[in-house]
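Q: Next comes the structure file coords-v5.txt, holding compact mmCIF, C-alpha atoms.
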# COMPACT_ATOMS: atom_id res chain seq x y z
CA MET Q 271 0.00 0.00 0.00
CA GLN Q 272 1.33 3.43 -0.96
CA LYS Q 273 1.80 5.96 1.79
CA SER Q 274 0.70 9.51 1.11
CA ASN Q 275 3.60 11.88 0.63
CA ILE Q 276 1.74 14.80 2.16
CA GLU Q 277 1.42 14.17 5.86
CA ILE Q 278 1.41 16.76 8.57
CA SER Q 279 4.62 16.52 10.52
CA PRO Q 280 4.17 15.00 13.99
CA ALA Q 281 6.08 17.94 15.37
CA THR Q 282 3.66 20.32 13.69
CA ARG Q 283 0.40 18.49 14.31
CA GLN Q 284 -1.33 19.44 17.55
CA GLN Q 285 -3.41 16.38 18.27
CA LEU Q 286 -6.68 15.92 20.06
CA PRO Q 287 -7.28 12.65 21.94
CA ILE Q 288 -8.26 10.04 19.34
CA LEU Q 289 -11.17 8.75 21.43
CA GLN Q 290 -12.55 12.28 21.78
CA VAL Q 291 -12.30 12.85 18.02
CA LEU Q 292 -14.02 9.57 17.21
CA LEU Q 293 -16.82 10.05 19.75
CA CYS Q 294 -17.63 13.65 18.81
CA ALA Q 295 -17.27 13.08 15.06
CA GLY Q 296 -19.41 9.96 15.28
CA MET Q 297 -22.15 11.69 17.28
CA VAL Q 298 -22.21 14.68 14.92
CA VAL Q 299 -22.69 12.38 11.94
CA THR Q 300 -25.20 10.26 13.87
CA LEU Q 301 -27.45 13.26 14.41
CA SER Q 302 -26.98 14.95 11.06
CA MET Q 303 -27.34 11.84 8.91
CA GLY Q 304 -29.94 10.28 11.19
CA ILE Q 305 -32.27 13.24 10.77
CA ARG Q 306 -31.90 13.44 7.00
CA HIS Q 307 -32.36 9.71 6.38
CA GLY Q 308 -35.89 9.93 7.75
CA PHE Q 309 -37.15 12.61 5.36
CA GLY Q 310 -38.85 9.99 3.17
CA LEU Q 311 -41.28 9.35 6.04
CA TRP Q 312 -42.65 12.88 5.60
CA LEU Q 313 -43.44 12.54 1.88
CA GLN Q 314 -46.99 11.25 2.16
CA PRO Q 315 -48.05 13.09 5.37
CA ILE Q 316 -46.96 16.46 4.02
CA THR Q 317 -48.22 16.05 0.45
CA GLN Q 318 -51.59 14.72 1.59
CA ASP Q 319 -52.08 17.36 4.29
CA MET Q 320 -50.90 20.29 2.17
CA GLY Q 321 -52.36 19.08 -1.14
CA TRP Q 322 -48.96 19.12 -2.88
CA SER Q 323 -47.72 16.68 -5.54
CA ARG Q 324 -44.98 14.15 -4.90
CA GLU Q 325 -42.86 15.97 -7.45
CA SER Q 326 -43.04 19.14 -5.32
CA PHE Q 327 -41.78 17.33 -2.24
CA SER Q 328 -39.18 15.47 -4.29
CA LEU Q 329 -37.96 18.74 -5.81
CA ALA Q 330 -37.41 20.24 -2.35
CA ILE Q 331 -35.35 17.24 -1.21
CA ALA Q 332 -33.51 17.22 -4.54
CA VAL Q 333 -32.65 20.93 -4.12
CA GLN Q 334 -31.47 20.09 -0.60
CA ASN Q 335 -29.02 17.55 -1.96
CA MET Q 336 -27.83 19.87 -4.70
CA ALA Q 337 -27.34 22.75 -2.27
CA TRP Q 338 -25.43 20.41 0.02
CA GLY Q 339 -23.20 19.40 -2.87
CA VAL Q 340 -22.53 22.87 -4.27
CA LEU Q 341 -21.97 24.55 -0.92
CA GLY Q 342 -19.96 21.59 0.33
CA ILE Q 343 -17.05 22.58 -1.93
CA PHE Q 344 -16.80 26.06 -0.43
CA VAL Q 345 -17.51 24.84 3.09
CA GLY Q 346 -14.67 22.36 2.62
CA ILE Q 347 -12.29 25.17 1.66
CA LEU Q 348 -13.29 27.11 4.79
CA ALA Q 349 -13.01 24.03 7.00
CA ASP Q 350 -9.49 23.30 5.71
CA ARG Q 351 -8.47 26.86 6.56
CA TRP Q 352 -10.55 27.73 9.62
CA GLY Q 353 -11.11 24.28 11.15
CA ALA Q 354 -14.33 22.33 11.64
CA PHE Q 355 -15.43 24.05 14.87
CA ARG Q 356 -16.89 27.23 13.39
CA ILE Q 357 -18.40 25.39 10.45
CA LEU Q 358 -20.19 22.92 12.74
CA LEU Q 359 -21.60 25.73 14.90
CA ALA Q 360 -23.06 27.49 11.86
CA GLY Q 361 -24.32 24.21 10.39
CA SER Q 362 -26.10 23.30 13.61
CA ALA Q 363 -27.95 26.64 13.71
CA LEU Q 364 -28.93 26.38 10.05
CA TYR Q 365 -30.18 22.82 10.54
CA ALA Q 366 -32.51 23.91 13.32
CA LEU Q 367 -33.73 26.89 11.29
CA GLY Q 368 -34.37 24.77 8.21
CA LEU Q 369 -36.30 22.08 10.10
CA ALA Q 370 -38.49 24.74 11.72
CA GLY Q 371 -39.12 26.26 8.31
CA MET Q 372 -39.95 22.84 6.88
CA ALA Q 373 -42.55 22.41 9.62
CA LEU Q 374 -44.18 25.81 9.18
CA ALA Q 375 -43.88 26.56 5.43
CA PRO Q 376 -47.35 27.51 4.07
CA ASN Q 377 -46.51 27.01 0.39
CA THR Q 378 -44.12 25.09 -1.84
CA GLY Q 379 -41.85 28.11 -2.41
CA LEU Q 380 -41.01 28.52 1.27
CA PHE Q 381 -40.92 24.75 1.69
CA ILE Q 382 -38.22 24.50 -0.99
CA LEU Q 383 -36.32 27.41 0.59
CA SER Q 384 -36.25 25.85 4.05
CA THR Q 385 -36.17 22.14 3.19
CA GLY Q 386 -33.97 22.60 0.16
CA LEU Q 387 -31.55 25.50 0.49
CA ILE Q 388 -31.28 26.01 4.25
CA ILE Q 389 -31.13 22.35 5.30
CA GLY Q 390 -28.84 21.62 2.35
CA ALA Q 391 -26.46 24.33 3.55
CA ALA Q 392 -26.66 22.91 7.07
CA GLN Q 393 -25.80 19.41 5.89
CA SER Q 394 -22.78 20.66 3.98
CA GLY Q 395 -21.37 21.90 7.29
CA THR Q 396 -22.31 18.99 9.57
CA THR Q 397 -21.46 15.81 7.66
CA TYR Q 398 -18.60 13.84 6.17
CA ALA Q 399 -16.48 16.36 4.27
CA VAL Q 400 -16.01 18.59 7.32
CA VAL Q 401 -15.70 15.80 9.89
CA TYR Q 402 -13.35 13.75 7.72
CA GLY Q 403 -11.05 16.75 7.48
CA VAL Q 404 -10.60 16.55 11.26
CA LEU Q 405 -10.03 12.79 11.08
CA GLY Q 406 -7.46 13.23 8.32
CA ARG Q 407 -5.49 15.75 10.38
CA GLN Q 408 -5.83 14.04 13.74
CA ILE Q 409 -5.66 10.30 12.93
CA PRO Q 410 -2.40 8.69 11.71
CA ALA Q 411 -2.47 7.38 8.14
CA SER Q 412 -2.10 3.80 9.39
CA ARG Q 413 -5.49 4.04 11.13
CA ARG Q 414 -7.25 6.61 8.95
CA SER Q 415 -9.42 4.28 6.85
CA TRP Q 416 -10.49 2.49 10.02
CA ALA Q 417 -11.41 5.79 11.70
CA MET Q 418 -13.38 6.92 8.67
CA GLY Q 419 -15.21 3.60 8.70
CA ILE Q 420 -16.06 4.07 12.38
CA THR Q 421 -17.48 7.53 11.68
CA ALA Q 422 -19.45 6.36 8.65
CA ALA Q 423 -20.83 3.54 10.80
CA ALA Q 424 -21.98 6.19 13.28
CA GLY Q 425 -23.97 7.82 10.49
CA SER Q 426 -25.53 4.44 9.83
CA PHE Q 427 -26.38 4.03 13.50
CA GLY Q 428 -28.07 7.43 13.26
CA GLN Q 429 -30.32 6.07 10.54
CA PHE Q 430 -31.04 2.89 12.49
CA PHE Q 431 -31.81 4.82 15.66
CA MET Q 432 -33.38 8.03 14.34
CA VAL Q 433 -35.71 6.74 11.61
CA PRO Q 434 -37.94 4.75 13.99
CA VAL Q 435 -37.84 7.68 16.41
CA GLU Q 436 -38.93 10.04 13.64
CA GLY Q 437 -41.71 7.67 12.62
CA GLY Q 438 -42.91 7.57 16.23
CA LEU Q 439 -42.78 11.36 16.49
CA ILE Q 440 -44.91 11.71 13.36
CA THR Q 441 -47.44 9.20 14.70
CA HIS Q 442 -47.77 10.74 18.16
CA LEU Q 443 -47.13 14.45 17.54
CA GLY Q 444 -48.06 14.99 13.91
CA TRP Q 445 -45.61 15.71 11.10
CA SER Q 446 -45.20 19.44 11.86
CA ASN Q 447 -44.53 19.11 15.59
CA ALA Q 448 -42.18 16.21 14.89
CA LEU Q 449 -40.03 18.50 12.76
CA LEU Q 450 -39.94 21.14 15.50
CA VAL Q 451 -38.66 18.54 17.95
CA LEU Q 452 -35.93 17.57 15.48
CA ALA Q 453 -34.97 21.25 15.18
CA LEU Q 454 -34.09 21.23 18.89
CA VAL Q 455 -32.16 17.97 18.48
CA ALA Q 456 -30.10 19.51 15.66
CA LEU Q 457 -28.75 22.13 18.07
CA LEU Q 458 -26.84 19.38 19.88
CA ILE Q 459 -24.44 19.31 16.93
CA GLY Q 460 -23.20 22.73 18.02
CA VAL Q 461 -22.44 21.37 21.49
CA LEU Q 462 -20.49 18.43 20.05
CA ALA Q 463 -18.46 20.84 17.89
CA PHE Q 464 -16.46 21.83 20.97
CA GLY Q 465 -14.97 18.34 21.04
CA LEU Q 466 -13.61 18.84 17.50
CA ARG Q 467 -12.01 22.22 18.13
CA GLU Q 468 -8.50 21.64 16.83
CA PRO Q 469 -5.59 23.47 18.48
CA GLY Q 470 -3.79 25.80 16.09
CA PHE Q 471 -6.77 26.90 13.99
CA GLY Q 472 -7.53 30.54 14.34
CA LYS Q 473 -7.59 33.75 12.32
CA GLY Q 474 -7.52 31.71 9.14
CA GLN Q 475 -4.29 29.92 10.00
CA SER Q 476 -4.16 26.13 9.79
CA PRO Q 477 -1.70 24.07 11.88
CA ALA Q 478 -0.76 22.25 8.67
CA PRO Q 479 2.01 23.71 6.53
CA ARG Q 480 0.41 25.18 3.39
CA THR Q 481 2.49 23.65 0.62
CA GLN Q 482 -0.25 24.17 -1.98
CA THR Q 483 -2.75 26.87 -2.73
CA VAL Q 484 -6.39 26.00 -3.29
CA ALA Q 485 -5.99 26.64 -7.02
CA GLU Q 486 -2.94 24.38 -7.24
CA ALA Q 487 -4.73 21.60 -5.37
CA LEU Q 488 -7.76 21.89 -7.65
CA LYS Q 489 -5.66 21.81 -10.80
CA GLU Q 490 -3.71 18.80 -9.60
CA ALA Q 491 -6.81 16.83 -8.59
CA CYS Q 492 -8.90 17.63 -11.68
CA GLY Q 493 -6.00 16.54 -13.89
CA HIS Q 494 -5.67 13.20 -12.08
CA SER Q 495 -7.58 10.34 -13.70
CA SER Q 496 -8.30 8.54 -10.42
CA PHE Q 497 -9.91 11.67 -8.97
CA VAL Q 498 -12.13 12.01 -12.03
CA LEU Q 499 -13.16 8.34 -11.91
CA LEU Q 500 -13.92 8.48 -8.18
CA THR Q 501 -16.04 11.57 -8.76
CA LEU Q 502 -18.01 9.89 -11.54
CA GLY Q 503 -18.57 6.78 -9.44
CA TYR Q 504 -19.83 8.84 -6.53
CA PHE Q 505 -22.63 10.19 -8.77
CA VAL Q 506 -24.04 6.67 -8.90
CA CYS Q 507 -23.85 6.26 -5.14
CA GLY Q 508 -25.95 9.39 -4.63
CA PHE Q 509 -28.51 8.40 -7.26
CA GLN Q 510 -29.05 4.96 -5.76
CA VAL Q 511 -29.18 5.67 -2.05
CA MET Q 512 -31.32 8.80 -2.24
CA PHE Q 513 -33.88 7.33 -4.62
CA ILE Q 514 -34.27 4.37 -2.27
CA GLY Q 515 -34.18 6.46 0.90
CA VAL Q 516 -36.80 8.98 -0.24
CA HIS Q 517 -39.10 6.90 -2.46
CA MET Q 518 -38.96 3.41 -0.95
CA PRO Q 519 -41.57 4.20 1.76
CA SER Q 520 -44.05 5.44 -0.83
CA TYR Q 521 -43.21 2.59 -3.23
CA LEU Q 522 -44.12 0.09 -0.52
CA LYS Q 523 -47.29 1.93 0.49
CA ASP Q 524 -48.40 2.01 -3.14
CA PHE Q 525 -48.43 -1.78 -3.05
CA GLY Q 526 -50.52 -1.82 0.10
CA MET Q 527 -47.80 -2.61 2.59
CA ALA Q 528 -48.20 -1.45 6.20
CA PRO Q 529 -46.44 1.83 7.12
CA GLN Q 530 -44.20 0.08 9.63
CA VAL Q 531 -42.67 -2.02 6.85
CA ALA Q 532 -41.21 1.17 5.36
CA SER Q 533 -39.93 2.37 8.75
CA TYR Q 534 -38.42 -1.02 9.57
CA SER Q 535 -36.78 -1.29 6.15
CA LEU Q 536 -35.07 2.09 6.53
CA ALA Q 537 -34.01 1.14 10.04
CA LEU Q 538 -32.58 -2.14 8.73
CA ILE Q 539 -30.58 -0.22 6.15
CA GLY Q 540 -29.10 1.82 8.99
CA LEU Q 541 -28.45 -1.23 11.16
CA PHE Q 542 -26.64 -3.26 8.52
CA ASN Q 543 -24.80 -0.19 7.30
CA ILE Q 544 -23.12 0.00 10.71
CA PHE Q 545 -21.44 -3.30 9.96
CA GLY Q 546 -20.89 -2.56 6.27
CA THR Q 547 -19.09 0.75 6.79
CA TYR Q 548 -17.01 -0.57 9.66
CA ILE Q 549 -15.93 -3.62 7.68
CA ALA Q 550 -15.24 -1.49 4.59
CA GLY Q 551 -13.03 0.82 6.64
CA ASN Q 552 -11.08 -2.13 8.02
CA LEU Q 553 -10.74 -3.84 4.66
CA GLY Q 554 -9.56 -0.56 3.18
CA GLN Q 555 -6.46 -0.82 5.37
CA GLN Q 556 -5.64 -4.25 3.93
CA MET Q 557 -6.95 -4.39 0.35
CA PRO Q 558 -7.00 -2.04 -2.68
CA LYS Q 559 -9.88 0.31 -2.01
CA GLN Q 560 -10.81 0.68 -5.67
CA TYR Q 561 -11.60 -3.03 -5.95
CA LEU Q 562 -13.74 -2.85 -2.85
CA LEU Q 563 -15.65 0.08 -4.36
CA SER Q 564 -16.16 -1.79 -7.61
CA GLY Q 565 -17.53 -4.78 -5.73
CA ILE Q 566 -19.92 -2.63 -3.70
CA TYR Q 567 -21.47 -1.03 -6.77
CA GLY Q 568 -21.72 -4.36 -8.58
CA LEU Q 569 -23.42 -6.02 -5.62
CA ARG Q 570 -25.93 -3.17 -5.40
CA ALA Q 571 -26.98 -3.86 -8.98
CA VAL Q 572 -27.30 -7.60 -8.36
CA ALA Q 573 -29.31 -7.07 -5.17
CA THR Q 574 -31.74 -4.74 -6.95
CA VAL Q 575 -32.30 -7.23 -9.77
CA LEU Q 576 -33.12 -9.95 -7.24
CA PHE Q 577 -35.44 -7.62 -5.32
CA LEU Q 578 -37.45 -6.77 -8.41
CA LEU Q 579 -37.68 -10.43 -9.43
CA ALA Q 580 -38.77 -11.65 -5.98
CA PRO Q 581 -42.40 -11.43 -4.77
CA LEU Q 582 -42.98 -8.13 -2.96
CA ALA Q 583 -43.51 -9.13 0.64
CA PRO Q 584 -42.16 -7.99 4.01
CA TRP Q 585 -39.48 -10.69 3.94
CA SER Q 586 -38.18 -9.60 0.51
CA VAL Q 587 -38.23 -5.94 1.54
CA TYR Q 588 -36.30 -6.65 4.72
CA ALA Q 589 -33.80 -8.86 2.90
CA TYR Q 590 -33.18 -6.15 0.29
CA ALA Q 591 -32.88 -3.49 3.01
CA ALA Q 592 -30.33 -5.59 4.88
CA ILE Q 593 -28.20 -6.20 1.77
CA MET Q 594 -28.37 -2.59 0.60
CA GLY Q 595 -27.70 -1.42 4.14
CA PHE Q 596 -24.48 -3.42 4.21
CA LEU Q 597 -23.47 -1.64 0.99
CA TRP Q 598 -25.07 1.75 1.74
CA LEU Q 599 -22.38 4.13 3.00
CA SER Q 600 -19.45 1.74 2.75
CA THR Q 601 -18.35 3.79 -0.27
CA VAL Q 602 -17.70 6.83 1.96
CA PRO Q 603 -14.62 5.75 3.96
CA LEU Q 604 -13.14 4.07 0.89
CA THR Q 605 -13.58 7.07 -1.41
CA ASN Q 606 -12.24 9.55 1.15
CA GLY Q 607 -9.46 7.16 2.10
CA ILE Q 608 -8.29 7.02 -1.52
CA LEU Q 609 -8.37 10.82 -1.74
CA ALA Q 610 -6.21 11.13 1.37
CA GLN Q 611 -3.87 8.45 0.08
CA ILE Q 612 -3.34 10.16 -3.29
CA PHE Q 613 -3.40 13.85 -2.37
CA GLY Q 614 -2.73 13.99 1.38
CA VAL Q 615 -4.86 15.72 4.00
CA GLN Q 616 -4.02 19.38 3.49
CA HIS Q 617 -7.04 20.02 1.24
CA LEU Q 618 -9.00 16.88 2.08
CA SER Q 619 -12.24 18.64 3.07
CA MET Q 620 -12.27 20.59 -0.20
CA LEU Q 621 -11.48 17.59 -2.40
CA GLY Q 622 -13.98 15.48 -0.49
CA GLY Q 623 -16.50 18.26 -1.07
CA ILE Q 624 -15.90 18.18 -4.82
CA THR Q 625 -16.39 14.42 -5.11
CA PHE Q 626 -19.42 14.74 -2.84
CA PHE Q 627 -20.85 17.39 -5.17
CA SER Q 628 -20.99 14.68 -7.82
CA HIS Q 629 -22.69 12.43 -5.27
CA GLN Q 630 -25.29 15.12 -4.68
CA VAL Q 631 -25.90 15.69 -8.39
CA GLY Q 632 -26.71 11.99 -8.50
CA SER Q 633 -28.90 12.40 -5.41
CA PHE Q 634 -30.79 15.24 -7.10
CA MET Q 635 -31.43 13.13 -10.18
CA GLY Q 636 -32.47 10.05 -8.19
CA ILE Q 637 -34.92 11.98 -5.99
CA TRP Q 638 -36.36 14.26 -8.65
CA LEU Q 639 -36.62 11.59 -11.35
CA GLY Q 640 -38.38 9.33 -8.88
CA GLY Q 641 -41.07 11.94 -8.27
CA TYR Q 642 -41.29 13.09 -11.89
CA LEU Q 643 -41.53 9.62 -13.42
CA TYR Q 644 -44.04 8.52 -10.82
CA ASP Q 645 -46.28 11.49 -11.59
CA THR Q 646 -45.97 10.97 -15.36
CA GLN Q 647 -45.93 7.16 -15.58
CA GLY Q 648 -47.66 6.13 -12.38
CA ASN Q 649 -44.83 3.89 -11.20
CA TYR Q 650 -41.12 3.75 -10.34
CA ASP Q 651 -40.13 1.05 -12.85
CA MET Q 652 -37.83 3.16 -15.02
CA VAL Q 653 -35.90 4.48 -12.03
CA TRP Q 654 -35.32 0.97 -10.71
CA TYR Q 655 -33.82 0.02 -14.08
CA LEU Q 656 -31.53 3.05 -13.88
CA VAL Q 657 -30.40 1.98 -10.40
CA ILE Q 658 -29.27 -1.33 -11.88
CA ALA Q 659 -27.59 0.07 -15.00
CA LEU Q 660 -25.72 2.76 -13.08
CA GLY Q 661 -24.51 0.21 -10.54
CA VAL Q 662 -22.89 -1.81 -13.32
CA ALA Q 663 -21.34 1.33 -14.80
CA ALA Q 664 -19.88 2.42 -11.44
CA ALA Q 665 -18.41 -1.05 -10.86
CA LEU Q 666 -16.48 -0.70 -14.12
CA ILE Q 667 -15.53 2.96 -13.57
CA ASN Q 668 -13.76 2.30 -10.27
CA LEU Q 669 -11.56 -0.53 -11.51
CA PRO Q 670 -8.84 1.71 -13.08
CA VAL Q 671 -8.51 3.90 -9.95
CA ARG Q 672 -5.05 3.80 -8.34
CA GLU Q 673 -4.10 4.76 -4.77
CA THR Q 674 -0.52 5.79 -5.55
CA ALA Q 675 0.39 9.11 -3.95
CA VAL Q 676 1.08 11.99 -6.31
CA THR Q 677 4.72 12.97 -6.84
CA ARG Q 678 5.51 16.62 -6.35
CA PRO Q 679 8.78 18.50 -6.64
CA PRO Q 680 10.46 19.09 -3.27
CA LEU Q 681 9.87 22.39 -1.54
CA THR Q 682 12.66 24.90 -1.95
CA THR Q 683 13.72 27.32 0.73
CA ALA Q 684 15.24 30.70 0.22
As structure tokens, what does this structure read like?
A:
Amino acid sequence: MQKSNIEISPATRQQLPILQVLLCAGMVVTLSMGIRHGFGLWLQPITQDMGWSRESFSLAIAVQNMAWGVLGIFVGILADRWGAFRILLAGSALYALGLAGMALAPNTGLFILSTGLIIGAAQSGTTYAVVYGVLGRQIPASRRSWAMGITAAAGSFGQFFMVPVEGGLITHLGWSNALLVLALVALLIGVLAFGLREPGFGKGQSPAPRTQTVAEALKEACGHSSFVLLTLGYFVCGFQVMFIGVHMPSYLKDFGMAPQVASYSLALIGLFNIFGTYIAGNLGQQMPKQYLLSGIYGLRAVATVLFLLAPLAPWSVYAYAAIMGFLWLSTVPLTNGILAQIFGVQHLSMLGGITFFSHQVGSFMGIWLGGYLYDTQGNYDMVWYLVIALGVAAALINLPVRETAVTRPPLTTA
């Protein structure tokens, strides 16, 4: 395995306790990802109560993912320079504001503003790109993939834990009050941010030596074939997981399945994703990450084919949820681990934000196309076929990726 040639010197790095970093990073991702993974549960209650179409709701969630992706690039640049602490504080406040707006919006315009733009901005500052920047700077390279897997598993636990909680809140409090409760929960992210406050960040100065400018890092990455291939593959990941996460509950209800089947299936995805992401992070320390990524995308395609061929029943739904859960976010530690391996950690949040932008473009297409094609064709068949075809394409795209660290000319001193 190639070691990155751009590591922060141990003498320069001011380290936080590893356990503190893992706990706080994991809990931040647990809350942020746990809340967002339950948004599909609100599709039918909101559209039926407000008289909106599924496309309107889908568009708001699609805008959310696009805003997350676009803003994530710039948030990553700020996090690399200013540290995660300030970004997480702002993201926590925006998350609470957006959830409150989602609960109280009287029309689709304000609903898209709050659910789409504001929550999307909040997610860009409270999820993987920002948190992984801290992990990259604070965790030694020999344990980095493992640490990223642990944190991704925490996001999966958030889905497993939060989705049933959100379903219960909707049932007992109503969809609007449930969102207001989640707005208060989102403020806890700001409290956890204090545990990720890295020594040395302040007044725009990073504790890492700045051997590259942002422009130089961008030029280098965009001219690197492995970066381009990873970015293309991540599009597929976003398309698949967000179509399933947002539209699966309604797909099941359309076939007359009980509401709890949808809640349990999303919870199973979160449960099995805990194991999948943790195992992926561990395997990434021992095996070529690009081959693991290729296998994950290929298995997603196979699992979807089998799901569509099997009789639609609770057992087939739960089996599909378990398999997809195992493969759900296991791409995250592997993709970010490859980025750190090739380019180092100096601009990791920014580069992770760029690849994640592609992920969010895919998310936008998966969510919006699901709503649009359902409204125009009356079913989700075409989108399921796209999930399969894109999975095969991503499996092939990731095969040529290489983890070899970039070679740069040595720094010269005056």
Q: For CA of Pro434 (chain Q) and CA of Pro603 (chain Q), quote the distance in Å rounded to one decimal.
A: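 Separation of CA of Pro434 (chain Q) and CA of Pro603 (chain Q): 25.4 Å.
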Q: Find the residues near region 657-674 of chain Q: any atom within 9 Å, counting only C-alpha atoms, skip ones fewer than 5 places away on the same chain, and give them as a count of residues only.
A: 41
Q: Figure out the distance between CA of Ile357 (chain Q) and CA of Gly342 (chain Q), please, to one decimal in Å.
A: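 We find that CA of Gly342 (chain Q) and CA of Ile357 (chain Q) lie 10.9 Å from each other.
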Q: Could you build a table of the residues in region 580-666 of chain Q lying no more than 9 Å from region 407-412 of chain Q, giving for each the nearest pair of atoms and their separation in Å rounded to one decimal place, using only C-alpha atoms, ordered by chain and ascending residue number, as a Markdown table?
A:
| residue | atom | partner | partner_atom | distance |
| --- | --- | --- | --- | --- |
| Q:Ala610 | CA | Q:Ala411 | CA | 8.6 |
| Q:Gln611 | CA | Q:Ala411 | CA | 8.3 |
| Q:Val615 | CA | Q:Arg407 | CA | 6.4 |
| Q:Gln616 | CA | Q:Arg407 | CA | 7.9 |
Q: With distances taken over all atoms listed in the file, which of Q:Val676, Q:Ala589, Q:Met594, Q:Ile624 is nearest to Phe344 (chain Q)?
A: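 For Phe344 (chain Q), the nearest of the given residues is Q:Ile624.
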Q: Return as JSON lines the residues of region 276-373 of chain Q lying at most 7 Å from region 452-465 of chain Q, together with the closest atom-to-atom pair for each and the distance in Å to one decimal, counting only C-alpha atoms, with rows in chain order and ascending residue number.
A:
{"residue": "Q:Gln290", "atom": "CA", "partner": "Q:Gly465", "partner_atom": "CA", "distance": 6.6}
{"residue": "Q:Val291", "atom": "CA", "partner": "Q:Gly465", "partner_atom": "CA", "distance": 6.8}
{"residue": "Q:Cys294", "atom": "CA", "partner": "Q:Leu462", "partner_atom": "CA", "distance": 5.7}
{"residue": "Q:Val298", "atom": "CA", "partner": "Q:Ile459", "partner_atom": "CA", "distance": 5.5}
{"residue": "Q:Leu301", "atom": "CA", "partner": "Q:Ala456", "partner_atom": "CA", "distance": 6.9}
{"residue": "Q:Phe355", "atom": "CA", "partner": "Q:Ala463", "partner_atom": "CA", "distance": 5.3}
{"residue": "Q:Leu358", "atom": "CA", "partner": "Q:Ala463", "partner_atom": "CA", "distance": 5.8}
{"residue": "Q:Leu359", "atom": "CA", "partner": "Q:Gly460", "partner_atom": "CA", "distance": 4.6}
{"residue": "Q:Ser362", "atom": "CA", "partner": "Q:Gly460", "partner_atom": "CA", "distance": 5.3}
{"residue": "Q:Ala363", "atom": "CA", "partner": "Q:Leu457", "partner_atom": "CA", "distance": 6.3}
{"residue": "Q:Tyr365", "atom": "CA", "partner": "Q:Ala456", "partner_atom": "CA", "distance": 6.1}
{"residue": "Q:Ala366", "atom": "CA", "partner": "Q:Ala453", "partner_atom": "CA", "distance": 4.1}
{"residue": "Q:Leu367", "atom": "CA", "partner": "Q:Ala453", "partner_atom": "CA", "distance": 7.0}
{"residue": "Q:Leu369", "atom": "CA", "partner": "Q:Ala453", "partner_atom": "CA", "distance": 5.3}
{"residue": "Q:Ala370", "atom": "CA", "partner": "Q:Ala453", "partner_atom": "CA", "distance": 6.0}
Q: Would you compute the distance between CA of Ser426 (chain Q) and CA of Leu599 (chain Q)? Give it in Å to one decimal.
A: 7.5 Å
Q: Would you kindly return, as an MDAnalysis selection string, each protein, DNA or RNA residue with an atom no farther than 12 Å from any atom of Leu536 (chain Q), considering all atoms listed in the file and excluding same-chain residues fewer than 4 positions away?
A: chainID Q and resid 304 306:311 426:437 511:512 514:519 522 529:532 540:543 587:595 598
Q: Rank nothing, just name the residue among Q:Ile343, Q:Ala537, Q:Ala349, Q:Ile305 nearest to Leu449 (chain Q), using only C-alpha atoms.
A: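 Among the listed residues, Q:Ile305 lies closest to Leu449 (chain Q).
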Q: Check the smallest atom-to-atom distance from each of Q:Ala424, Q:Leu538, Q:Leu405, Q:Leu383 to Ala337 (chain Q) using only C-alpha atoms, then report the winner.
A: Q:Leu383
